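A.B. asks: Just so it is clear, I am handing over run.txt, which has compact mmCIF, C-alpha atoms and all ligand atoms.
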```
# COMPACT_ATOMS: atom_id res chain seq x y z
CA MET A 1022 0.00 0.00 0.00
CA ALA A 1023 1.27 3.46 -0.86
CA LEU A 1024 1.86 5.95 1.95
CA ILE A 1025 0.23 8.68 -0.14
CA GLU A 1026 -2.29 8.46 -2.95
CA LEU A 1027 -3.51 11.52 -4.80
CA GLU A 1028 -6.32 11.25 -7.32
CA GLN A 1029 -6.96 14.22 -9.58
CA LEU A 1030 -6.10 16.59 -6.74
CA ARG A 1031 -7.09 20.20 -7.38
CA LYS A 1032 -6.57 23.53 -5.69
CA THR A 1033 -8.16 26.57 -7.25
CA TYR A 1034 -7.72 30.08 -5.87
CA HIS A 1035 -10.31 32.68 -6.75
CA MET A 1036 -8.95 36.18 -7.18
CA GLY A 1037 -11.92 38.38 -8.00
CA GLU A 1038 -13.06 37.33 -11.47
CA GLU A 1039 -10.05 35.16 -12.10
CA SER A 1040 -9.39 31.56 -11.04
CA VAL A 1041 -5.85 30.27 -10.55
CA HIS A 1042 -5.53 26.49 -10.87
CA ALA A 1043 -2.51 26.04 -8.58
CA LEU A 1044 -3.06 22.25 -8.72
CA ASP A 1045 -4.85 21.13 -11.83
CA GLY A 1046 -5.54 17.39 -11.43
CA VAL A 1047 -2.49 15.81 -9.78
CA SER A 1048 -2.53 12.01 -9.50
CA LEU A 1049 0.38 10.30 -7.71
CA GLU A 1050 1.27 7.33 -5.57
CA ILE A 1051 4.19 7.58 -3.19
CA PRO A 1052 5.26 4.40 -1.41
CA GLU A 1053 7.09 4.37 1.91
CA ARG A 1054 10.89 4.55 2.00
CA GLN A 1055 11.21 6.74 -1.06
CA PHE A 1056 13.27 9.95 -1.39
CA VAL A 1057 11.28 12.06 -3.88
CA ALA A 1058 12.18 15.43 -5.38
CA ILE A 1059 9.36 17.66 -6.66
CA LEU A 1060 11.01 19.78 -9.32
CA GLY A 1061 9.57 22.70 -11.24
CA PRO A 1062 9.82 26.40 -12.04
CA SER A 1063 8.40 29.13 -9.85
CA GLY A 1064 4.60 29.17 -9.93
CA SER A 1065 4.25 25.53 -11.05
CA GLY A 1066 2.37 24.49 -7.89
CA LYS A 1067 5.16 22.89 -5.80
CA SER A 1068 4.42 24.76 -2.57
CA THR A 1069 0.68 24.28 -2.98
CA LEU A 1070 1.25 20.53 -3.31
CA MET A 1071 3.46 20.62 -0.18
CA HIS A 1072 0.72 22.42 1.73
CA MET A 1073 -1.74 19.66 0.82
CA LEU A 1074 0.69 16.87 1.72
CA GLY A 1075 1.52 18.63 5.01
CA PHE A 1076 -2.14 19.04 6.05
CA MET A 1077 -1.71 22.81 6.04
CA ASP A 1078 -4.48 23.40 3.51
CA THR A 1079 -7.39 21.53 1.92
CA PRO A 1080 -7.92 20.68 -1.74
CA THR A 1081 -10.85 22.05 -3.74
CA GLY A 1082 -11.24 18.80 -5.68
CA GLY A 1083 -10.02 15.23 -6.06
CA ARG A 1084 -8.97 12.83 -3.34
CA MET A 1085 -6.06 12.35 -0.95
CA VAL A 1086 -5.35 9.13 0.93
CA PHE A 1087 -2.68 9.03 3.65
CA ASP A 1088 -1.59 5.69 5.08
CA GLY A 1089 -4.79 4.02 3.86
CA LYS A 1090 -7.18 6.67 5.21
CA ASP A 1091 -9.15 9.10 3.07
CA VAL A 1092 -8.05 12.46 4.50
CA THR A 1093 -9.55 14.69 1.78
CA HIS A 1094 -12.24 16.19 3.99
CA ILE A 1095 -10.90 15.83 7.54
CA ASN A 1096 -11.50 18.75 9.92
CA VAL A 1097 -9.08 21.32 11.37
CA THR A 1098 -8.42 19.32 14.55
CA GLN A 1099 -7.66 16.15 12.64
CA ARG A 1100 -5.36 18.04 10.28
CA ALA A 1101 -3.45 19.42 13.27
CA TRP A 1102 -3.06 15.89 14.60
CA TYR A 1103 -1.54 14.69 11.31
CA ARG A 1104 0.82 17.68 11.18
CA CYS A 1105 2.00 17.00 14.70
CA ASN A 1106 2.21 13.22 14.64
CA ARG A 1107 2.78 12.11 11.09
CA ILE A 1108 4.76 14.86 9.33
CA GLY A 1109 8.17 16.40 9.98
CA PHE A 1110 8.82 19.77 8.32
CA VAL A 1111 12.15 21.18 7.13
CA PHE A 1112 12.25 24.73 5.75
CA GLN A 1113 14.73 26.77 3.76
CA ALA A 1114 15.20 29.27 6.63
CA PHE A 1115 15.82 26.56 9.32
CA ASN A 1116 13.37 28.36 11.71
CA LEU A 1117 15.34 27.65 14.92
CA LEU A 1118 14.69 29.68 18.07
CA PRO A 1119 17.91 31.63 18.77
CA ARG A 1120 17.72 31.63 22.59
CA LEU A 1121 17.16 27.89 22.92
CA SER A 1122 19.95 25.31 22.90
CA VAL A 1123 20.20 22.83 20.04
CA LEU A 1124 18.63 20.16 22.28
CA ASP A 1125 15.71 22.40 23.28
CA ASN A 1126 15.11 23.35 19.65
CA VAL A 1127 14.87 19.65 18.77
CA LEU A 1128 12.39 19.23 21.65
CA LEU A 1129 10.00 21.94 20.35
CA PRO A 1130 7.54 19.58 18.57
CA VAL A 1131 7.24 17.70 21.88
CA VAL A 1132 6.47 20.91 23.78
CA TYR A 1133 3.75 21.78 21.25
CA SER A 1134 2.29 18.27 21.12
CA ARG A 1135 -0.86 17.48 23.08
CA GLU A 1136 -0.25 13.74 22.87
CA LEU A 1137 0.94 12.22 26.12
CA GLU A 1138 2.67 9.52 24.10
CA ASN A 1139 4.93 12.15 22.53
CA LYS A 1140 6.06 13.44 25.94
CA LYS A 1141 7.54 10.11 27.00
CA HIS A 1142 11.30 9.76 26.92
CA ALA A 1143 11.42 13.05 25.03
CA ARG A 1144 14.98 13.90 26.01
CA GLU A 1145 16.22 10.47 24.97
CA ARG A 1146 14.42 10.80 21.64
CA ALA A 1147 15.90 14.26 21.07
CA LEU A 1148 19.39 12.92 21.74
CA GLU A 1149 18.73 9.98 19.45
CA ALA A 1150 17.57 12.38 16.68
CA LEU A 1151 20.72 14.49 17.15
CA GLU A 1152 22.80 11.33 16.91
CA ARG A 1153 21.13 10.45 13.59
CA VAL A 1154 22.19 13.80 12.11
CA GLY A 1155 25.67 13.59 13.66
CA LEU A 1156 25.31 16.51 16.08
CA THR A 1157 25.53 14.90 19.52
CA PRO A 1158 28.53 17.05 20.53
CA ARG A 1159 26.58 20.24 19.75
CA ALA A 1160 23.53 19.54 21.96
CA LYS A 1161 24.24 22.39 24.40
CA HIS A 1162 25.27 24.99 21.81
CA LEU A 1163 23.09 27.87 20.64
CA PRO A 1164 22.10 28.04 16.95
CA SER A 1165 24.32 31.14 16.50
CA GLN A 1166 27.35 28.99 17.37
CA LEU A 1167 26.69 26.64 14.44
CA SER A 1168 27.33 26.76 10.70
CA GLY A 1169 24.39 26.95 8.27
CA GLY A 1170 24.71 23.26 7.44
CA GLU A 1171 24.72 22.34 11.13
CA ARG A 1172 21.63 24.49 11.74
CA GLN A 1173 19.77 22.66 8.99
CA ARG A 1174 20.83 19.34 10.56
CA VAL A 1175 19.30 20.55 13.86
CA ALA A 1176 16.08 21.35 11.96
CA ILE A 1177 16.13 17.83 10.48
CA ALA A 1178 16.61 16.32 13.97
CA ARG A 1179 13.64 18.40 15.13
CA ALA A 1180 11.59 17.06 12.20
CA LEU A 1181 12.53 13.49 13.19
CA ILE A 1182 11.74 13.61 16.92
CA ASN A 1183 8.12 12.43 16.77
CA HIS A 1184 9.06 9.61 14.37
CA PRO A 1185 7.05 11.03 11.42
CA ARG A 1186 5.85 8.83 8.57
CA LEU A 1187 6.84 11.57 6.13
CA ILE A 1188 9.46 14.33 6.03
CA LEU A 1189 8.49 17.35 3.90
CA ALA A 1190 11.34 19.67 2.95
CA ASP A 1191 10.71 22.90 1.00
CA GLU A 1192 13.94 24.11 -0.66
CA PRO A 1193 15.99 22.76 2.31
CA THR A 1194 19.36 23.68 0.81
CA GLY A 1195 18.40 27.12 -0.55
CA ASN A 1196 20.51 28.92 2.09
CA LEU A 1197 23.57 26.64 2.01
CA ASP A 1198 26.96 26.57 0.25
CA SER A 1199 27.72 23.65 -2.07
CA LYS A 1200 29.59 21.55 0.51
CA ASN A 1201 26.69 21.76 2.94
CA VAL A 1202 24.19 21.12 0.14
CA ASP A 1203 26.00 17.82 -0.46
CA ARG A 1204 25.97 16.99 3.28
CA ILE A 1205 22.28 17.70 3.80
CA LEU A 1206 21.15 15.84 0.68
CA SER A 1207 23.38 12.89 1.55
CA LEU A 1208 21.82 12.87 5.01
CA PHE A 1209 18.37 12.59 3.38
CA GLY A 1210 19.72 9.70 1.28
CA GLN A 1211 20.94 8.00 4.47
CA LEU A 1212 17.60 8.54 6.27
CA LYS A 1213 15.86 7.03 3.26
CA GLU A 1214 18.12 3.96 3.54
CA GLU A 1215 17.02 3.73 7.19
CA GLY A 1216 13.39 3.59 6.02
CA GLN A 1217 12.28 7.24 6.09
CA THR A 1218 10.02 8.65 3.38
CA ILE A 1219 11.09 12.13 2.24
CA ILE A 1220 9.49 14.56 -0.21
CA MET A 1221 11.62 17.57 -1.08
CA VAL A 1222 10.63 20.56 -3.18
CA THR A 1223 13.27 22.27 -5.29
CA HIS A 1224 13.66 24.30 -8.47
CA ASP A 1225 17.29 23.11 -8.80
CA LEU A 1226 18.18 20.15 -11.04
CA HIS A 1227 21.41 19.52 -9.11
CA VAL A 1228 19.49 19.24 -5.83
CA SER A 1229 16.95 16.86 -7.36
CA SER A 1230 19.78 14.59 -8.60
CA TYR A 1231 20.26 13.27 -5.04
CA ALA A 1232 16.71 11.87 -4.96
CA GLN A 1233 15.65 8.46 -6.15
CA ARG A 1234 12.52 9.71 -7.87
CA VAL A 1235 11.82 13.02 -9.59
CA ILE A 1236 8.34 14.39 -10.15
CA SER A 1237 8.47 17.52 -12.30
CA MET A 1238 5.59 19.96 -12.32
CA ARG A 1239 4.36 22.57 -14.73
CA ASP A 1240 1.23 24.72 -14.54
CA GLY A 1241 -0.23 22.74 -11.65
CA GLN A 1242 0.19 19.37 -13.35
CA VAL A 1243 2.70 16.53 -13.22
CA GLU A 1244 4.87 16.84 -16.30
CA LYS A 1245 7.29 13.93 -15.74
CA ASP A 1246 7.65 11.27 -13.09
CA PHE A 1247 10.71 8.98 -13.17
CA LEU A 1248 13.11 6.93 -11.06
CA GLN A 1249 16.85 7.56 -11.25
CA THR A 1250 20.11 6.43 -9.64
CA PRO A 1251 20.71 9.04 -6.95
CA ARG A 1252 23.93 11.05 -6.99
CA LEU A 1253 26.51 9.91 -4.42
CA SER A 1254 27.70 12.37 -1.79
CA GLY A 1255 31.20 13.81 -2.27
CA ALA A 1256 32.64 11.50 0.42
CA ASP A 1257 30.91 8.40 -0.97
CA ALA A 1258 32.02 9.21 -4.50
CA VAL A 1259 35.66 9.33 -3.29
CA ALA A 1260 35.18 6.06 -1.39
CA ALA A 1261 33.78 4.48 -4.56
CA GLY A 1262 36.85 5.63 -6.49
CA GLY A 1263 34.95 8.19 -8.54
CA ARG A 1264 35.75 11.81 -9.15
CA LEU A 1265 34.01 14.59 -7.27
P1 LIG B 1 5.67 27.21 -6.66
O1 LIG B 1 5.85 26.80 -5.23
O2 LIG B 1 5.95 26.11 -7.64
O3 LIG B 1 6.42 28.45 -6.98
P2 LIG B 1 2.94 27.85 -5.84
O4 LIG B 1 2.34 26.56 -5.41
O5 LIG B 1 3.41 28.76 -4.77
O6 LIG B 1 4.11 27.55 -6.89
O7 LIG B 1 1.89 28.64 -6.74
C1 LIG B 1 1.18 28.07 -7.85
C2 LIG B 1 0.24 29.11 -8.44
O8 LIG B 1 -0.80 29.39 -7.52
C3 LIG B 1 0.90 30.44 -8.76
O9 LIG B 1 0.31 30.94 -9.92
C4 LIG B 1 0.56 31.29 -7.55
O10 LIG B 1 0.53 32.64 -7.90
C5 LIG B 1 -0.81 30.77 -7.18
N1 LIG B 1 -1.07 30.88 -5.73
C6 LIG B 1 -0.38 30.25 -4.72
N2 LIG B 1 -0.90 30.54 -3.52
C7 LIG B 1 -1.95 31.39 -3.75
C8 LIG B 1 -2.90 32.07 -2.91
N3 LIG B 1 -2.87 31.92 -1.58
N4 LIG B 1 -3.81 32.85 -3.51
C9 LIG B 1 -3.85 33.01 -4.84
N5 LIG B 1 -2.99 32.40 -5.69
C10 LIG B 1 -2.05 31.61 -5.16
MG MG B 2 7.19 27.63 -3.73
```
The structure given in the file should be rewritten as structure tokens.
C.D. replies:
Amino acid sequence: MALIELEQLRKTYHMGEESVHALDGVSLEIPERQFVAILGPSGSGKSTLMHMLGFMDTPTGGRMVFDGKDVTHINVTQRAWYRCNRIGFVFQAFNLLPRLSVLDNVLLPVVYSRELENKKHARERALEALERVGLTPRAKHLPSQLSGGERQRVAIARALINHPRLILADEPTGNLDSKNVDRILSLFGQLKEEGQTIIMVTHDLHVSSYAQRVISMRDGQVEKDFLQTPRLSGADAVAAGGRL
């Protein structure tokens, strides 16, 4: 069973007399354990699709199934539950709180969660998430004491803490230099190998080359959808005897 099924999903915005079809009949199936890049030019509907997948907005037509449940018409409270318990978000601007330590930033989704289950062993889970992104030694630092790449790794640890079924990343490397781009995208590749499903939005062909599947969008529709061999990280390419 696919983790996500979209059938002819639509989102139309009405601006006075005019209608904008931000999503114009998108049909997709995304299985678990896939690292997917959504690629497309500005205005093609990438962010709108992310908002639907992240339960931040509702479609105006079509159907969306998440983990076997029809979630097309669920209410505000149910959407909040999915956001909190099933989705981990990673943004271009990291969105860390500057006065909180790295560890406390990772703990934020726990603080905001109403689920008792999420409060259990929170500190251990935060430390485990930091371990997965290789930042255990930085737990007590403030965000200002970290590089951009490290800050984004903190944001990824924060996205992982509630063990989400899906990580959604909107232009996650947009603020990083090329070495850190490689590190962050390789980290996504590694998380995928560990069983995590990741959907990443980008307008950059290089960034999408790290994913295993590319869905390209144009004018609110899927233009192409294909599997590829993902690019190796710089370090892995050297280990494999290849050139950088
Ligand atoms: P992308 O992320 O690929 O740049 P978007 O999903 O942000 O594209 O936008 C797709 C289209 O929908 C664009 O034409 C945009 O102007 C329009 N759009 C997005 N959000 C809104 C909104 N809240 N109200 C009206 N039009 C919108
Ligand atoms: Mg966008």
A.B. asks: CA of Val1175 (chain A) to CA of Tyr1133 (chain A): how many Å, to one decimal?
C.D. replies: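 Rounded to one decimal, the two atoms are 17.3 Å apart.
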A.B. asks: Using all atoms listed in the file, which residues of the polymer chains come no farther than 12 Å from ligand LIG 1 (chain B)? I'd like the answer as a PyMOL selection string.
C.D. replies: chain A and resi 1031-1037+1039-1045+1059-1073+1077-1079+1191-1192+1221-1225+1237-1243
A.B. asks: Report, in Å to a single decimal, how far apart CA of Met1085 (chain A) and CA of Leu1049 (chain A) are.
C.D. replies: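 So the answer is 9.6 Å.
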A.B. asks: Would you mind listing, for every residue of region 1162-1256 of chain A within 10 Å of region 1134-1157 of chain A, the two atoms forming the shortest contact and the distance between them in Å to one decimal, using only C-alpha atoms, sorted by chain and ascending residue number, as a Markdown table?
C.D. replies:
```
| residue | atom | partner | partner_atom | distance |
| --- | --- | --- | --- | --- |
| A:Glu1171 | CA | A:Leu1156 | CA | 7.7 |
| A:Arg1172 | CA | A:Leu1156 | CA | 9.8 |
| A:Gln1173 | CA | A:Val1154 | CA | 9.7 |
| A:Arg1174 | CA | A:Val1154 | CA | 5.9 |
| A:Val1175 | CA | A:Leu1151 | CA | 7.0 |
| A:Ala1176 | CA | A:Val1154 | CA | 9.7 |
| A:Ile1177 | CA | A:Val1154 | CA | 7.5 |
| A:Ala1178 | CA | A:Ala1150 | CA | 4.9 |
| A:Arg1179 | CA | A:Ala1150 | CA | 7.4 |
| A:Ala1180 | CA | A:Ala1150 | CA | 8.8 |
| A:Leu1181 | CA | A:Ala1150 | CA | 6.2 |
| A:Ile1182 | CA | A:Ala1147 | CA | 5.9 |
| A:Asn1183 | CA | A:Asn1139 | CA | 6.6 |
| A:His1184 | CA | A:Arg1146 | CA | 9.1 |
| A:Ile1205 | CA | A:Val1154 | CA | 9.2 |
| A:Leu1208 | CA | A:Val1154 | CA | 7.2 |
| A:Phe1209 | CA | A:Val1154 | CA | 9.6 |
| A:Gln1211 | CA | A:Arg1153 | CA | 9.4 |
| A:Leu1212 | CA | A:Arg1153 | CA | 8.3 |
```
A.B. asks: Would you mind exporting the chosen residues as a PDB file, keeping the file's coordinate frame, restricted to C-alpha atoms?
C.D. replies:
```pdb
ATOM      1  CA  GLU A1171      24.720  22.340  11.130  1.00  0.00           C
ATOM      2  CA  ARG A1172      21.630  24.490  11.740  1.00  0.00           C
ATOM      3  CA  GLN A1173      19.770  22.660   8.990  1.00  0.00           C
ATOM      4  CA  ARG A1174      20.830  19.340  10.560  1.00  0.00           C
ATOM      5  CA  VAL A1175      19.300  20.550  13.860  1.00  0.00           C
ATOM      6  CA  ALA A1176      16.080  21.350  11.960  1.00  0.00           C
ATOM      7  CA  ILE A1177      16.130  17.830  10.480  1.00  0.00           C
ATOM      8  CA  ALA A1178      16.610  16.320  13.970  1.00  0.00           C
ATOM      9  CA  ARG A1179      13.640  18.400  15.130  1.00  0.00           C
ATOM     10  CA  ALA A1180      11.590  17.060  12.200  1.00  0.00           C
ATOM     11  CA  LEU A1181      12.530  13.490  13.190  1.00  0.00           C
ATOM     12  CA  ILE A1182      11.740  13.610  16.920  1.00  0.00           C
ATOM     13  CA  ASN A1183       8.120  12.430  16.770  1.00  0.00           C
ATOM     14  CA  HIS A1184       9.060   9.610  14.370  1.00  0.00           C
ATOM     15  CA  ILE A1205      22.280  17.700   3.800  1.00  0.00           C
ATOM     16  CA  LEU A1208      21.820  12.870   5.010  1.00  0.00           C
ATOM     17  CA  PHE A1209      18.370  12.590   3.380  1.00  0.00           C
ATOM     18  CA  GLN A1211      20.940   8.000   4.470  1.00  0.00           C
ATOM     19  CA  LEU A1212      17.600   8.540   6.270  1.00  0.00           C
TER      20      LEU A1212
END
```
A.B. asks: Of the candidates A:Ala1232, A:Ile1051, A:Leu1117, A:Leu1027, which one gets nearest to Gly1082 (chain A) if we count only C-alpha atoms?
C.D. replies: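 Of A:Ala1232, A:Ile1051, A:Leu1117, A:Leu1027, the one nearest Gly1082 (chain A), counting only C-alpha atoms, is A:Leu1027.
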A.B. asks: Could you check how far CA of Gly1170 (chain A) sits from CA of Val1228 (chain A), in Å to one decimal?
C.D. replies: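 Separating CA of Gly1170 (chain A) from CA of Val1228 (chain A) is a distance of 14.8 Å.
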A.B. asks: Tell me, as a list in words, which residues lie within 12 Å of Arg1120 (chain A), counting only C-alpha atoms; anything in the same chain fewer than 4 positions away does not count.
C.D. replies: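 Counting only C-alpha atoms, the residues come to Leu1124, Asp1125, Asn1126, Lys1161, His1162, Leu1163, Pro1164, Ser1165 and Gln1166 of chain A.
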A.B. asks: Find the residues around Tyr1103 (chain A) up to 12 Å (only C-alpha atoms counted), leave out those fewer than 3 positions away in its own chain, and share them as number ranges by chain.
C.D. replies: A: 1073-1077, 1087-1088, 1090, 1092, 1095-1100, 1106-1110, 1134, 1136, 1183, 1185-1187
